[in-house]
Amino acid sequence: MLEKCFLFLATAIAILTLGKFIFWIFPLELLTHFQVYYFWLTIGLILLSIGLRQHLRSLVPLYILLFSLTLNSLELATWYLPNERMTADKTNILRVMSYNILVENFEIDRIVGSISSVDPNLLLIIEVNPLMKQNIEDRIKTKFPYSFQSPGGGMAVFSKLPLEDSRGEKFLGSDATNLVTHIKYRDRRIEIIGTHPLVPVKANLFIRRNLHLNSIATHLERKSQPTILMGDFNLTPWSPYYRQFIDLANLHNTRLGFGILPTWIRPSTTVKLPQFILPFLNIPIDHIFVTKDFTVARTYTGDNGNSDHAPIVSELVIP
């Protein structure tokens, strides 16, 4: 009975680990987002099987667990290993910040405190209505004289640099509005795209999220200018749709080399879940992507300011 139990658990973990390659359908795709937890669960089962080795005649479950551990270790290690897009150059840093403040979060002081502690050159705020946008702008306008709120999508951008050609735009293939604007940095015109695909908790929302991602990728395929794409993607790097998106759009995730950096879910007065559950749901769904024109000096997460998301921050350089 013990051996059958271990074989079942080992096989289940192996299937979940392989989910990032095979779980394309809803709701199985939701299971791909917890690879870090599968990694630690695999280690726990390996240690347990070693401790119970006298009661386990077959080594098959252990071999399956070691396979899962190897596959997952190779995947997770890529987020911590140095890569050619990292730089030690700290001159002419463009610091960008993507921050989902949560629509039910009215803690202006804490939100502004989170922004001030980072002091970005360019700030994207998500889940912001016109009143909240105005309240935040009143507090930070001296540092961020330029701003724009998208007519759809619940996003606003604040900038220390002049904004050009700001608009809300629906890319071909999706009905979702993206925030699009441009800045000048080191004599280069840079396209800035803010986005917030839907939460895929229902089959129709899952389909619309994937169409949204595909529309962004198709838009970027046709572009040659430097681009920064950021937002709450409701997608982790272990979804097969993430891999498809990255390959099609030819983008670089700025957290590569700096760690997994989970951004959701963080403790907040608006979160109704028991606090002890939150550490087991902490996953990286907020991202900053850049085209090949940029190198990355640093990427990190900031204080969540009572939001259920931590902001993600990247320090970028155009060589």
# chains A, B, ... in the order shown; residues from 1 in each chain; ligands from 1
$ select_by_dssp --residues "stretch 162-259 of chain A" --states "strand (DSSP E)" --output "MDAnalysis selection string"
chainID A and resid 164:169 178:185 188:195 227:232 252:253
$ closest_atom_pairs --of "stretch 59-152 of chain A" --to "stretch 39-47 of chain A" --cutoff "9 Å" --atoms "only C-alpha atoms" --output "Markdown table"
| residue | atom | partner | partner_atom | distance |
| --- | --- | --- | --- | --- |
| A:Pro61 | CA | A:Ile46 | CA | 8.9 |
| A:Leu62 | CA | A:Ile46 | CA | 6.5 |
| A:Leu65 | CA | A:Thr42 | CA | 6.2 |
| A:Leu66 | CA | A:Ile46 | CA | 7.6 |
| A:Ser68 | CA | A:Thr42 | CA | 7.2 |
| A:Leu69 | CA | A:Thr42 | CA | 6.3 |
| A:Asn72 | CA | A:Phe39 | CA | 6.2 |
| A:Ser73 | CA | A:Phe39 | CA | 7.3 |
| A:Leu76 | CA | A:Phe39 | CA | 8.8 |
$ atom_distance --atom1 "atom CA of A:His287" --atom2 "atom CA of A:Thr254"
7.7 Å
$ residues_around --residues "stretch 218-230 of chain A" --least-positions-apart "4" --cutoff "8 Å" --atoms "only C-alpha atoms" --output "mmCIF file with N, CA and C atoms, in the first residue's frame"
data_model
loop_
_atom_site.group_PDB
_atom_site.id
_atom_site.type_symbol
_atom_site.label_atom_id
_atom_site.label_comp_id
_atom_site.auth_asym_id
_atom_site.auth_seq_id
_atom_site.Cartn_x
_atom_site.Cartn_y
_atom_site.Cartn_z
ATOM 1 N N SER A 98 5.995 48.734 -12.769
ATOM 2 C CA SER A 98 4.628 48.305 -13.080
ATOM 3 C C SER A 98 3.960 47.916 -11.773
ATOM 4 N N LEU A 124 3.787 52.658 -14.486
ATOM 5 C CA LEU A 124 2.490 52.188 -14.963
ATOM 6 C C LEU A 124 1.676 51.741 -13.765
ATOM 7 N N PHE A 171 -5.282 46.033 -30.154
ATOM 8 C CA PHE A 171 -4.516 45.403 -31.218
ATOM 9 C C PHE A 171 -5.377 44.375 -31.941
ATOM 10 N N LEU A 172 -5.073 44.160 -33.201
ATOM 11 C CA LEU A 172 -5.844 43.262 -34.040
ATOM 12 C C LEU A 172 -5.919 41.863 -33.433
ATOM 13 N N ARG A 188 16.669 57.925 -28.487
ATOM 14 C CA ARG A 188 15.897 56.846 -29.104
ATOM 15 C C ARG A 188 14.429 57.012 -28.739
ATOM 16 N N ARG A 189 13.561 56.815 -29.692
ATOM 17 C CA ARG A 189 12.123 56.841 -29.421
ATOM 18 C C ARG A 189 11.694 55.443 -29.000
ATOM 19 N N ILE A 190 11.110 55.347 -27.825
ATOM 20 C CA ILE A 190 10.776 54.059 -27.243
ATOM 21 C C ILE A 190 9.263 53.935 -27.117
ATOM 22 N N GLU A 191 8.746 52.841 -27.589
ATOM 23 C CA GLU A 191 7.325 52.561 -27.413
ATOM 24 C C GLU A 191 7.109 51.915 -26.054
ATOM 25 N N ILE A 192 6.134 52.422 -25.311
ATOM 26 C CA ILE A 192 5.753 51.876 -24.011
ATOM 27 C C ILE A 192 4.352 51.291 -24.140
ATOM 28 N N ILE A 193 4.204 50.036 -23.751
ATOM 29 C CA ILE A 193 2.892 49.393 -23.794
ATOM 30 C C ILE A 193 2.553 48.882 -22.401
ATOM 31 N N GLY A 194 1.416 49.311 -21.886
ATOM 32 C CA GLY A 194 0.896 48.783 -20.635
ATOM 33 C C GLY A 194 -0.293 47.884 -20.936
ATOM 34 N N THR A 195 -0.378 46.763 -20.232
ATOM 35 C CA THR A 195 -1.452 45.826 -20.544
ATOM 36 C C THR A 195 -1.903 45.071 -19.306
ATOM 37 N N ASN A 214 -1.817 36.987 -27.796
ATOM 38 C CA ASN A 214 -1.459 36.785 -29.199
ATOM 39 C C ASN A 214 -1.517 38.084 -29.984
ATOM 40 N N LEU A 248 6.923 34.227 -30.024
ATOM 41 C CA LEU A 248 6.325 34.993 -31.116
ATOM 42 C C LEU A 248 6.717 36.464 -31.047
ATOM 43 N N ALA A 249 6.723 37.042 -29.849
ATOM 44 C CA ALA A 249 7.010 38.467 -29.687
ATOM 45 C C ALA A 249 8.502 38.764 -29.646
ATOM 46 N N ASN A 250 9.328 37.733 -29.417
ATOM 47 C CA ASN A 250 10.780 37.886 -29.337
ATOM 48 C C ASN A 250 11.173 38.916 -28.269
ATOM 49 N N ASP A 286 3.212 39.474 -12.703
ATOM 50 C CA ASP A 286 3.485 40.821 -13.216
ATOM 51 C C ASP A 286 4.862 40.794 -13.876
ATOM 52 N N HIS A 287 4.944 41.354 -15.086
ATOM 53 C CA HIS A 287 6.185 41.244 -15.846
ATOM 54 C C HIS A 287 6.551 42.566 -16.509
ATOM 55 N N ILE A 288 7.845 42.728 -16.744
ATOM 56 C CA ILE A 288 8.364 43.783 -17.614
ATOM 57 C C ILE A 288 9.170 43.087 -18.701
ATOM 58 N N PHE A 289 8.781 43.296 -19.938
ATOM 59 C CA PHE A 289 9.470 42.711 -21.082
ATOM 60 C C PHE A 289 10.122 43.819 -21.909
ATOM 61 N N VAL A 290 11.249 43.510 -22.522
ATOM 62 C CA VAL A 290 11.932 44.490 -23.372
ATOM 63 C C VAL A 290 12.405 43.822 -24.657
ATOM 64 N N THR A 291 12.586 44.641 -25.673
ATOM 65 C CA THR A 291 13.167 44.157 -26.924
ATOM 66 C C THR A 291 14.679 44.074 -26.782
ATOM 67 N N LYS A 292 15.320 43.576 -27.818
ATOM 68 C CA LYS A 292 16.759 43.321 -27.780
ATOM 69 C C LYS A 292 17.594 44.588 -27.631
ATOM 70 N N ASP A 293 16.960 45.756 -27.748
ATOM 71 C CA ASP A 293 17.683 47.029 -27.664
ATOM 72 C C ASP A 293 18.188 47.315 -26.253
ATOM 73 N N PHE A 294 17.623 46.653 -25.236
ATOM 74 C CA PHE A 294 17.916 46.973 -23.842
ATOM 75 C C PHE A 294 18.794 45.913 -23.182
#
$ residues_around --residues "stretch 85-91 of chain A" --least-positions-apart "6" --cutoff "7 Å" --atoms "only C-alpha atoms" --output "list in words"
Thr295, Val296 and Ala297 of chain A
$ select_by_dssp --residues "stretch 62-192 of chain A" --states "helix (DSSP H, G or I)" --output "PyMOL selection string"
chain A and resi 62-77+108-118+130-140
$ residues_around --residues "A:Asp138" --least-positions-apart "3" --cutoff "12 Å" --atoms "only C-alpha atoms" --output "ChimeraX atom specification"
/A:108-109,112,131-135,141-145,147,158
$ residues_around --residues "A:Lys170" --least-positions-apart "6" --cutoff "10 Å" --atoms "only C-alpha atoms" --output "PyMOL selection string"
chain A and resi 152+176-180+212+215-216
$ closest_residue --among "A:Ala310, A:Leu316, A:Leu31, A:Met155" --to "A:Asn121" --atoms "only C-alpha atoms"
A:Leu316
$ atom_distance --atom1 "atom CA of A:Pro82" --atom2 "atom CA of A:Val96"
20.9 Å
